Structure formats: structure tokens, C-alpha cells
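Undergrad: Next up, target.tsv (TSV, C-alpha atoms).
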chain	number	residue	atom	x	y	z
A	259	MET	CA	17.34	11.85	-20.32
A	260	LYS	CA	15.39	13.40	-17.48
A	261	GLY	CA	12.57	11.93	-15.42
A	262	TYR	CA	9.85	14.15	-16.84
A	263	GLU	CA	10.90	13.15	-20.37
A	264	VAL	CA	10.46	9.48	-19.47
A	265	ILE	CA	7.05	10.21	-17.92
A	266	SER	CA	5.84	12.21	-20.91
A	267	SER	CA	6.96	9.33	-23.18
A	268	LEU	CA	4.38	7.16	-21.43
A	269	GLN	CA	1.58	9.34	-22.91
A	270	ASP	CA	1.18	7.19	-26.01
A	271	HIS	CA	1.02	3.96	-24.01
A	272	ILE	CA	-1.50	4.87	-21.32
A	273	GLY	CA	-5.19	4.26	-21.93
A	274	GLU	CA	-8.47	3.90	-20.07
A	275	ASN	CA	-7.47	0.52	-18.72
A	276	ASP	CA	-4.39	1.93	-16.98
A	277	LEU	CA	-4.22	2.83	-13.32
A	278	ILE	CA	-1.10	4.77	-12.29
A	279	VAL	CA	0.28	5.28	-8.80
A	280	SER	CA	2.92	8.03	-8.66
A	281	SER	CA	5.32	8.72	-5.82
A	282	ASN	CA	5.38	11.97	-3.90
A	283	GLY	CA	7.24	15.07	-5.06
A	284	ASN	CA	8.17	15.84	-8.63
A	285	ILE	CA	7.07	12.47	-9.98
A	286	SER	CA	3.43	12.92	-8.92
A	287	ARG	CA	3.47	16.46	-10.28
A	288	GLU	CA	4.86	15.28	-13.61
A	289	VAL	CA	2.39	12.41	-13.88
A	290	TYR	CA	-0.45	14.83	-13.14
A	291	HIS	CA	0.67	17.23	-15.87
A	292	TYR	CA	1.77	14.79	-18.59
A	293	LEU	CA	-0.53	11.77	-18.35
A	294	ALA	CA	-4.28	11.12	-18.60
A	295	LYS	CA	-6.20	12.04	-15.42
A	296	PRO	CA	-7.23	11.04	-12.84
A	297	GLN	CA	-4.59	8.76	-11.33
A	298	VAL	CA	-3.36	8.13	-7.78
A	299	TYR	CA	-1.02	11.05	-7.11
A	300	LEU	CA	0.61	10.35	-3.76
A	301	ARG	CA	1.69	13.43	-1.83
A	302	GLY	CA	3.29	12.10	1.36
A	303	SER	CA	3.33	8.34	1.83
A	304	MET	CA	7.09	8.07	1.26
A	305	GLY	CA	7.93	4.41	0.71
A	306	LEU	CA	4.36	3.31	0.06
A	307	PRO	CA	3.55	3.59	-3.68
A	308	ILE	CA	4.42	-0.03	-4.47
A	309	GLY	CA	2.15	-1.22	-1.64
A	310	VAL	CA	-0.71	0.91	-2.96
A	311	GLY	CA	-0.10	-0.39	-6.49
A	312	LEU	CA	-0.03	-3.97	-5.22
A	313	GLY	CA	-3.40	-3.58	-3.50
A	314	LEU	CA	-4.89	-1.99	-6.61
A	315	ALA	CA	-3.46	-4.68	-8.89
A	316	VAL	CA	-4.68	-7.61	-6.80
A	317	MET	CA	-8.18	-6.11	-6.51
A	318	ASN	CA	-8.44	-5.18	-10.21
A	319	PRO	CA	-6.99	-8.04	-12.26
A	320	GLU	CA	-8.59	-6.73	-15.45
A	321	LYS	CA	-6.74	-3.40	-15.19
A	322	ARG	CA	-3.06	-2.64	-15.70
A	323	VAL	CA	-1.45	-0.93	-12.70
A	324	THR	CA	1.80	1.00	-13.17
A	325	VAL	CA	3.71	2.38	-10.19
A	326	ILE	CA	6.16	5.18	-10.96
A	327	THR	CA	8.62	5.74	-8.15
A	328	GLY	CA	11.95	7.42	-7.51
A	329	ASP	CA	14.96	5.74	-5.94
A	330	GLY	CA	14.65	7.45	-2.54
A	331	ASN	CA	11.05	6.37	-2.25
A	332	LEU	CA	11.89	2.85	-3.39
A	333	LEU	CA	14.60	2.52	-0.73
A	334	MET	CA	12.29	3.63	2.07
A	335	GLY	CA	9.79	0.89	1.25
A	336	PHE	CA	12.20	-1.65	-0.16
A	337	GLY	CA	10.37	-4.60	1.40
A	338	SER	CA	7.44	-3.89	-0.90
A	339	VAL	CA	9.49	-4.98	-3.92
A	340	ILE	CA	9.89	-8.35	-2.22
A	341	THR	CA	6.18	-8.55	-1.33
A	342	ALA	CA	5.23	-7.72	-4.93
A	343	ALA	CA	7.72	-10.31	-6.23
A	344	TYR	CA	6.23	-12.93	-3.92
A	345	TYR	CA	2.63	-12.41	-5.04
A	346	LYS	CA	3.56	-11.56	-8.66
A	347	PRO	CA	0.30	-9.96	-9.78
A	348	HIS	CA	0.15	-10.42	-13.57
A	349	ASN	CA	-0.95	-6.79	-14.05
A	350	LEU	CA	1.58	-4.84	-11.93
A	351	LYS	CA	4.34	-2.83	-13.57
A	352	ILE	CA	6.94	-0.92	-11.52
A	353	LEU	CA	8.95	1.87	-13.15
A	354	ILE	CA	11.89	3.08	-11.06
A	355	LEU	CA	13.33	6.45	-12.05
A	356	ASP	CA	16.76	6.54	-10.44
A	357	ASN	CA	18.77	9.76	-10.29
A	358	SER	CA	20.60	8.66	-7.10
A	359	GLN	CA	19.14	11.71	-5.42
A	360	TYR	CA	16.40	13.00	-3.21
A	361	PHE	CA	15.84	15.48	-5.99
A	362	THR	CA	12.62	17.03	-4.67
A	363	THR	CA	14.28	18.02	-1.39
A	364	GLY	CA	17.36	19.54	-2.97
A	365	GLY	CA	19.44	16.82	-4.56
A	366	GLN	CA	20.83	15.03	-1.52
A	367	GLN	CA	22.47	11.76	-2.48
A	368	THR	CA	20.65	8.45	-1.91
A	369	VAL	CA	22.37	5.09	-1.41
A	370	SER	CA	20.74	3.52	-4.49
A	371	SER	CA	24.05	3.15	-6.33
A	372	ALA	CA	24.99	0.39	-3.86
A	373	ILE	CA	22.48	-1.88	-5.61
A	374	ASN	CA	23.38	-3.82	-8.72
A	375	PHE	CA	19.84	-3.60	-10.09
A	376	SER	CA	20.31	-6.16	-12.89
A	377	LYS	CA	21.44	-8.80	-10.41
A	378	PHE	CA	18.90	-7.82	-7.80
A	379	LEU	CA	15.94	-7.85	-10.21
A	380	GLU	CA	17.13	-11.11	-11.75
A	381	SER	CA	17.10	-12.70	-8.29
A	382	LEU	CA	13.37	-11.98	-7.95
A	383	ASN	CA	12.42	-14.42	-10.74
A	384	ILE	CA	9.88	-11.99	-12.13
A	385	ASP	CA	8.42	-11.96	-15.62
A	386	TYR	CA	10.26	-8.94	-17.02
A	387	PHE	CA	13.08	-6.79	-15.74
A	388	GLN	CA	15.61	-4.39	-17.20
A	389	SER	CA	18.09	-1.98	-15.66
A	390	LEU	CA	19.08	0.62	-18.25
A	391	LYS	CA	20.27	4.16	-18.74
A	392	ALA	CA	17.32	6.16	-20.06
A	393	SER	CA	17.45	7.49	-23.62
A	394	GLN	CA	14.91	7.87	-26.41
A	395	SER	CA	16.10	4.74	-28.19
A	396	ILE	CA	16.09	2.75	-24.94
A	397	LEU	CA	12.48	3.83	-24.34
A	398	ASP	CA	11.52	3.02	-27.92
A	399	ASP	CA	12.98	-0.45	-27.53
A	400	ASN	CA	11.71	-1.27	-24.04
A	401	LEU	CA	8.59	0.62	-22.90
A	402	GLU	CA	6.18	-1.51	-24.89
A	403	ASN	CA	7.63	-4.78	-23.60
A	404	PHE	CA	7.73	-3.47	-20.08
A	405	LEU	CA	4.07	-2.51	-20.18
A	406	THR	CA	2.65	-5.38	-22.18
A	407	THR	CA	4.57	-8.45	-20.99
A	408	GLN	CA	2.15	-10.45	-18.87
A	409	GLY	CA	3.34	-10.54	-15.26
A	410	LEU	CA	5.09	-8.52	-12.62
A	411	ASN	CA	7.48	-6.29	-14.55
A	412	ILE	CA	10.13	-3.94	-13.19
A	413	LEU	CA	11.99	-1.39	-15.31
A	414	HIS	CA	14.84	0.46	-13.58
A	415	LEU	CA	15.98	3.52	-15.49
A	416	ILE	CA	18.99	5.64	-14.64
A	417	ILE	CA	17.93	9.22	-15.36
A	418	GLU	CA	19.64	12.60	-15.29
A	419	GLU	CA	18.67	15.08	-12.65
A	420	GLY	CA	16.47	17.91	-13.79
A	421	LYS	CA	12.89	19.04	-13.82
A	422	ARG	CA	10.52	21.43	-15.52
A	423	GLU	CA	8.85	24.05	-13.36
A	424	LEU	CA	5.35	22.68	-13.08
A	425	ALA	CA	2.47	24.06	-11.02
A	426	ASN	CA	1.59	22.13	-7.90
A	427	ILE	CA	-1.21	19.55	-8.26
A	428	PRO	CA	-4.34	21.70	-7.81
A	429	TRP	CA	-6.48	18.92	-6.31
A	430	HIS	CA	-6.50	18.36	-2.56
A	431	PRO	CA	-5.79	14.69	-1.81
A	432	ILE	CA	-9.48	14.21	-0.87
A	433	LYS	CA	-10.33	15.37	-4.38
A	434	ILE	CA	-7.63	13.11	-5.87
A	435	ALA	CA	-9.24	10.12	-4.14
A	436	GLU	CA	-12.79	11.18	-5.09
A	437	ASN	CA	-11.87	11.67	-8.75
A	438	PHE	CA	-10.01	8.38	-8.90
A	439	LEU	CA	-12.82	6.47	-7.16
A	440	GLN	CA	-15.23	7.69	-9.86
A	441	ARG	CA	-13.36	5.46	-12.29
A	442	PHE	CA	-14.93	2.53	-10.44
A	443	ASP	CA	-18.55	3.75	-10.53
B	306	MET	CA	-11.91	-17.00	22.06
B	307	ILE	CA	-14.29	-15.91	19.32
B	308	ASN	CA	-15.68	-18.74	17.18
B	309	LEU	CA	-13.23	-18.43	14.29
B	310	ASP	CA	-15.41	-20.16	11.71
B	311	GLU	CA	-18.04	-17.50	12.29
B	312	PHE	CA	-15.53	-14.65	12.51
B	313	VAL	CA	-13.67	-15.53	9.31
B	314	SER	CA	-16.90	-16.16	7.48
B	315	PHE	CA	-18.05	-12.67	8.58
B	316	ILE	CA	-14.81	-11.24	7.18
B	317	GLU	CA	-15.24	-13.12	3.91
B	318	ASP	CA	-18.76	-11.75	3.62
B	319	ASN	CA	-17.81	-8.14	4.35
B	320	PHE	CA	-14.24	-7.61	3.11
B	321	ASP	CA	-12.35	-8.02	-0.15
B	322	LEU	CA	-8.76	-7.91	1.06
B	323	VAL	CA	-6.82	-8.66	4.24
B	324	SER	CA	-3.20	-7.65	4.88
B	325	GLY	CA	-0.98	-7.35	7.91
B	326	VAL	CA	1.94	-8.35	10.06
B	327	PRO	CA	1.27	-11.17	12.55
B	328	CYS	CA	1.10	-11.21	16.34
B	329	SER	CA	0.85	-14.30	18.56
B	330	TYR	CA	-2.47	-12.84	19.76
B	331	PHE	CA	-3.74	-13.54	16.20
B	332	LYS	CA	-2.24	-17.00	15.90
B	333	GLU	CA	-5.45	-19.03	15.67
B	334	PHE	CA	-7.26	-16.31	13.72
B	335	LEU	CA	-4.53	-16.21	11.08
B	336	SER	CA	-4.57	-19.99	10.73
B	337	TYR	CA	-8.22	-19.62	9.68
B	338	ILE	CA	-7.62	-16.82	7.17
B	339	PRO	CA	-7.14	-18.38	3.75
B	340	SER	CA	-3.82	-17.88	2.03
B	341	GLN	CA	-3.55	-16.31	-1.41
B	342	GLU	CA	-3.48	-19.73	-3.07
B	343	ASP	CA	-6.78	-20.86	-1.59
B	344	LYS	CA	-10.04	-20.37	-3.40
B	345	SER	CA	-11.53	-17.70	-1.21
B	346	PRO	CA	-13.59	-14.61	-1.92
B	347	ILE	CA	-10.95	-12.51	-0.13
B	348	LYS	CA	-7.31	-11.87	-0.97
B	349	HIS	CA	-4.82	-12.18	1.88
B	350	LEU	CA	-1.40	-10.56	1.47
B	351	SER	CA	1.29	-10.82	4.10
B	352	ALA	CA	3.21	-7.53	4.44
B	353	THR	CA	6.83	-6.84	5.41
B	354	ARG	CA	5.88	-3.84	7.56
B	355	GLU	CA	2.71	-2.46	9.04
B	356	ASP	CA	2.78	0.67	6.87
B	357	GLU	CA	3.06	-1.54	3.81
B	358	ALA	CA	-0.06	-3.40	4.94
B	359	ILE	CA	-1.85	-0.05	5.23
B	360	ALA	CA	-0.69	0.87	1.71
B	361	ILE	CA	-1.94	-2.43	0.28
B	362	ALA	CA	-5.30	-1.87	2.01
B	363	ILE	CA	-5.49	1.64	0.58
B	364	GLY	CA	-4.93	0.22	-2.90
B	365	ALA	CA	-8.09	-1.79	-2.31
B	366	ALA	CA	-9.99	1.18	-0.84
B	367	LEU	CA	-9.08	3.32	-3.85
B	368	SER	CA	-11.02	0.92	-6.05
B	369	LYS	CA	-14.09	0.76	-3.79
B	370	LYS	CA	-13.07	-2.50	-2.14
B	371	ARG	CA	-13.16	-3.06	1.60
B	372	ALA	CA	-9.88	-3.89	3.36
B	373	LEU	CA	-8.89	-5.18	6.79
B	374	VAL	CA	-5.41	-4.76	8.29
B	375	TYR	CA	-4.01	-6.60	11.30
B	376	MET	CA	-0.94	-5.73	13.38
B	377	GLN	CA	0.53	-5.68	16.86
B	378	ASN	CA	0.39	-2.36	18.70
B	379	SER	CA	4.17	-2.13	18.32
B	380	GLY	CA	3.30	-1.60	14.67
B	381	LEU	CA	1.37	1.55	15.52
B	382	GLY	CA	4.80	3.14	15.80
B	383	ASN	CA	5.41	2.28	12.16
B	384	ILE	CA	2.19	3.63	10.66
B	385	GLY	CA	2.10	7.29	11.70
B	386	ASP	CA	2.98	8.63	8.27
B	387	ALA	CA	0.83	6.08	6.43
B	388	LEU	CA	-2.14	7.25	8.49
B	389	THR	CA	-1.58	10.99	8.41
B	390	SER	CA	-0.27	11.40	4.86
B	391	LEU	CA	-2.27	8.65	3.16
B	392	VAL	CA	-5.34	7.19	4.91
B	393	GLN	CA	-6.54	10.35	6.66
B	394	LEU	CA	-5.22	12.81	4.07
B	395	TYR	CA	-7.05	11.08	1.22
B	396	LYS	CA	-9.98	10.26	3.52
B	397	LEU	CA	-10.26	6.55	2.85
B	398	PRO	CA	-11.87	3.79	4.93
B	399	ILE	CA	-9.96	0.82	6.34
B	400	LEU	CA	-10.43	-1.36	9.41
B	401	ILE	CA	-7.35	-2.10	11.53
B	402	LEU	CA	-7.25	-4.92	14.09
B	403	VAL	CA	-4.51	-4.13	16.63
B	404	SER	CA	-3.38	-6.59	19.29
B	405	TYR	CA	-3.17	-4.94	22.69
B	406	ARG	CA	0.28	-5.93	23.93
B	407	GLY	CA	1.86	-4.57	27.07
B	408	LEU	CA	-0.98	-5.22	29.52
B	409	LYS	CA	-0.35	-7.26	32.65
B	410	GLU	CA	-0.30	-10.57	30.76
B	411	ASP	CA	2.83	-9.23	29.07
B	412	ASN	CA	4.81	-8.59	32.28
B	413	ASP	CA	7.60	-10.79	31.00
B	414	PHE	CA	7.79	-8.91	27.71
B	415	PRO	CA	9.30	-5.50	28.48
B	416	GLU	CA	9.51	-4.74	24.75
B	417	HIS	CA	5.75	-4.12	24.86
B	418	SER	CA	5.58	-2.21	28.13
B	419	ILE	CA	5.97	1.37	26.90
B	420	MET	CA	3.60	1.14	23.92
B	421	GLY	CA	1.19	-0.78	26.16
B	422	LYS	CA	1.06	2.19	28.56
B	423	ILE	CA	0.63	4.86	25.89
B	424	ASN	CA	-1.57	2.78	23.55
B	425	ASN	CA	-4.74	4.81	24.02
B	426	SER	CA	-3.12	8.25	24.11
B	427	PHE	CA	-1.18	7.28	20.98
B	428	LEU	CA	-4.39	6.35	19.15
B	429	GLY	CA	-6.02	9.49	20.51
B	430	SER	CA	-3.24	11.76	19.28
B	431	LEU	CA	-3.77	10.31	15.79
B	432	ASN	CA	-7.50	11.12	16.10
B	433	LEU	CA	-8.29	7.47	15.49
B	434	LEU	CA	-11.68	6.04	16.37
B	435	TYR	CA	-11.16	2.86	18.36
B	436	TRP	CA	-12.89	0.41	20.62
B	437	ASP	CA	-12.37	-3.15	21.80
B	438	LEU	CA	-13.19	-6.32	19.94
B	439	ASN	CA	-14.65	-8.66	22.58
B	440	GLU	CA	-15.53	-12.33	22.49
B	441	LYS	CA	-19.12	-11.72	23.55
B	442	ASP	CA	-20.30	-8.96	21.21
B	443	TRP	CA	-17.74	-9.19	18.41
B	444	GLU	CA	-20.32	-9.05	15.66
B	445	VAL	CA	-21.80	-5.81	17.01
B	446	SER	CA	-18.30	-4.28	17.23
B	447	MET	CA	-17.40	-5.37	13.70
B	448	GLN	CA	-20.70	-4.21	12.25
B	449	LYS	CA	-20.36	-0.84	13.97
B	450	ALA	CA	-16.79	-0.51	12.68
B	451	ILE	CA	-17.93	-1.19	9.12
B	452	THR	CA	-20.78	1.31	9.40
B	453	VAL	CA	-18.51	4.02	10.82
B	454	MET	CA	-15.66	3.48	8.34
B	455	ASP	CA	-18.07	3.51	5.40
B	456	GLU	CA	-20.13	6.48	6.54
B	457	GLN	CA	-17.19	8.63	7.64
B	458	SER	CA	-14.76	7.28	5.04
B	459	SER	CA	-12.16	6.96	7.75
B	460	PRO	CA	-9.96	4.39	9.45
B	461	VAL	CA	-11.33	2.53	12.48
B	462	VAL	CA	-9.20	0.58	14.97
B	463	LEU	CA	-10.39	-2.42	16.99
B	464	MET	CA	-8.16	-3.35	19.93
B	465	VAL	CA	-7.76	-7.10	20.43
B	466	LYS	CA	-6.70	-8.38	23.84
B	467	LYS	CA	-5.17	-11.77	24.63
B	468	GLY	CA	-7.53	-14.71	24.20
B	469	VAL	CA	-9.97	-13.00	21.83
B	470	LEU	CA	-8.50	-14.27	18.54
B	471	SER	CA	-6.02	-16.76	19.99
B	472	GLN	CA	-5.98	-19.37	22.75
Output the file's structure as C-alpha cells, nothing else.

TA:
Amino acid sequence: MKGYEVISSLQDHIGENDLIVSSNGNISREVYHYLAKPQVYLRGSMGLPIGVGLGLAVMNPEKRVTVITGDGNLLMGFGSVITAAYYKPHNLKILILDNSQYFTTGGQQTVSSAINFSKFLESLNIDYFQSLKASQSILDDNLENFLTTQGLNILHLIIEEGKRELANIPWHPIKIAENFLQRFD
Amino acid sequence: MINLDEFVSFIEDNFDLVSGVPCSYFKEFLSYIPSQEDKSPIKHLSATREDEAIAIAIGAALSKKRALVYMQNSGLGNIGDALTSLVQLYKLPILILVSYRGLKEDNDFPEHSIMGKINNSFLGSLNLLYWDLNEKDWEVSMQKAITVMDEQSSPVVLMVKKGVLSQ
């Protein structure tokens, strides 16, 4: 299963109470095209989506904040997983889409396969974690729990490489921020 | 040193979230900032890196909350991308307190000497608005920073020298 298929599967689960932070490159583009708008589509900010999601979650306890990040991005800001696990906001969900590649920049290998994610996530003593190979039945069985279990939840999914050709996000980042901020008027 | 009861109470009145990486120049200040467990109107999150602190602050700014970040000027070297591809690109306001290491008080700390020398040109090359936080007129400086960051929706840096927020 490919990353964009996982992201489009979130469609049925995401409502008005959901705030999404997506990591730069294909993931932000896919979130923009497949999920309800507006969300926080990061463009640069490599390594920072979990930090942004943590700030949003702590400031908005009545909302559900989901961070969608790739493995390269996760590795660059790895300390943020530890910070999130320390503060454990009850409304923060982190979805890691792991293809072991910097796919957006041409498929260069990352070092993510050095991590045993099940053991690592277990060590964080968080409320929900799974490390699984993505498939439709795996999503059917796990997405709801991942999103609705109260607590800091992390779902690590091994995905296949591959993308759909999608148009670039048409909004300038200033517009992304303005549109998102309107959700708090 | 600034009266920390007054300073922290000003922060609690004007900010929603504080995040950062410590410096000994903030030692007394940070002992006055409530931890996450305390019942305080502000949230305080300790970050693993300075760019992470910026990201956490931006999460607050993206929901119309006001955030303060603190770091040593060595951390300026870690936040270039967070500033240029997040804070400035998305045009969001945050206030950053930066301890000014590498001045003559730090003669015995060569690790701060190079950033100390280039501190202002470094801030200038990032087009950052900055001025000093002083013991005498700290409230004016803080108020001006809040006005500028809100009106321009931009980051503002306040440089903090030795003895201003620590003994």
C-alpha cells in the first residue's frame, strides 16, 4: 500500500474537530488534495512537524491534532518524539509513513530501518502504538483505534514507494497560515 | 537582575506558551517559570533543540495563541531553517529571548567566542528585528516587542546579557 492510499483512507475519519499537520514534500501535497481543508501544510521545516503538532495540541485540548510525517522527516527531528512522549498530550496522534526513503528528493535511502519501531514505541510508555505494514485490512483494523484512543498515539506504517502526480499546493504559505488561522475566529 | 516576580507575571499575562532550551544566563528566570504540572495560565514545554522550541511556538501561533521562546545564541545556529522556512515563510509572530554569550564576560568560554562576534550580523542576515532586554526598561522592551510581533506578524528577538535574568 502506498502513502497516498493511506492518506486518502483518513478521509472518512477526519472532521471539523481535526487539525492536521503534514510534513513537507509529497505528504503535504497528498493531505492537501485528499483531506478536508484547510490544514497546516508544511513546505520546508524538515524535522519540525511533530513540534508544530505538539504546540497545537497543548494549546487546543478540545481538538484532535494528527501529525502525518515521513521517515526522513521523523529522523531529522527525532528528539520531538521524546518531547511529545514526555508531555503526552491526550489529543496528539502521530502517523509515520515509512518507505525507508527520501522519496520526494528521488528515493535516496534513509536509515529508518535501523529502528525496531515496536520496541522503540513500547519504550515510550504511550497510550497507543503500533508498527505495521500498511494494507487495507490493517487500516480497517487500526485507524479508528489510533485516532480515537485517548492519549498520545503513534502509528508507524511501512508503506510502498509510489505517488500520484498531484498539482503543487496552490496556496502560498502565508495563505496556508491565514486560512488555517480562520478556523480559530 | 530584573524583578522576576514582575517579569514572570508579565509573561503570564501576555503569553500562552513558553518553550526553549536553557542557558545559565536564564537560570533564575527559568526557576520562576512554572513547569507543566503547575497550575499556571501558561504552558511551559522544554525542547530538545532550539528549532523544536520554535516549532512548538509556531503550533501555538497557528491557533492565535502567543508564544515565547528562549535559547542561547549558540542556538541561533540551529534555527535558520525553522525561521526561514516556517516562521518567516508563513508570516507568524513569536518572541525569542536569546542570551548574548561570547561577550567579554565569556572570555573563558571559547565555545561562545565566534557566535558572540557575529551575533548581530547573524541576526541581521536573517532580517530579524532585535533589541536588548535591559533591567531598567524591560517592560517597555517587552511591550514594544509584543506590539511589533502582533502588528507585523513576525518574529522579534530580545538579546539578554549576563545579569539581566540571572544573578

Undergrad: For each of B:Ser390, B:Ser324, B:Gln457, B:Ser329, take the minimum atom-to-atom distance to chain A, counting all atoms listed in the file, then give the residue where this is smallest.

TA: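 Of the candidates, the smallest distance to chain A is held by B:Ser390.
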
Undergrad: Which residues, written as a list in words, have at least one atom at most 12 Å from B:Lys409, with all atoms listed in the file counted and residues fewer than 6 positions away on the same chain left out?

TA: Pro415, His417, Ser418, Gly421, Lys422, Lys466 and Lys467 of chain B

Undergrad: Which one is closest to chain A: B:Phe315, B:Phe320, B:Tyr375, B:Tyr395? Count only C-alpha atoms.

TA: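 Ranked by minimum distance to chain A, first place goes to B:Tyr395.
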
Undergrad: Neighbouring residues of B:Val323 were defined as those with any atom within 8 Å, considering only C-alpha atoms; residues of the same chain fewer than 4 positions away were excluded. Please report them as a list of chain:residue names.

TA: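 Here the qualifying residues turn out to be B:Ile347, B:Lys348, B:His349, B:Leu350, B:Ala362, B:Ala372, B:Leu373, B:Val374, B:Tyr375.
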
Undergrad: I need the chain A residues near chain B as an NGL selection string; criterion: at most 8 Å, counting all atoms listed in the file.

TA: :A and (300-303 or 306-307 or 309-318 or 335 or 337-338 or 341 or 345 or 431-435 or 438-439 or 442)

Undergrad: Could you name the residues that touch stretch 459-461 of chain B at 9 Å or less, counting all atoms listed in the file, but leaving out those on the same chain fewer than 2 positions away, as an MDAnalysis selection string?

TA: chainID B and resid 388 392:393 396:402 433:436 450:451 453:457 463

Undergrad: Around the point (11.0, 5.3, 0.2) in the file's coordinates, collect all residues with an atom within 9 Å, using only C-alpha atoms, and return them as a CSV table (one decimal) with C-alpha atoms, in the frame of the given file.

TA:
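The resulting point-v5.csv:
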chain,number,residue,atom,x,y,z
A,281,SER,CA,5.3,8.7,-5.8
A,303,SER,CA,3.3,8.3,1.8
A,304,MET,CA,7.1,8.1,1.3
A,305,GLY,CA,7.9,4.4,0.7
A,306,LEU,CA,4.4,3.3,0.1
A,307,PRO,CA,3.6,3.6,-3.7
A,327,THR,CA,8.6,5.7,-8.2
A,328,GLY,CA,12.0,7.4,-7.5
A,329,ASP,CA,15.0,5.7,-5.9
A,330,GLY,CA,14.6,7.4,-2.5
A,331,ASN,CA,11.0,6.4,-2.2
A,332,LEU,CA,11.9,2.8,-3.4
A,333,LEU,CA,14.6,2.5,-0.7
A,334,MET,CA,12.3,3.6,2.1
A,335,GLY,CA,9.8,0.9,1.2
A,336,PHE,CA,12.2,-1.6,-0.2
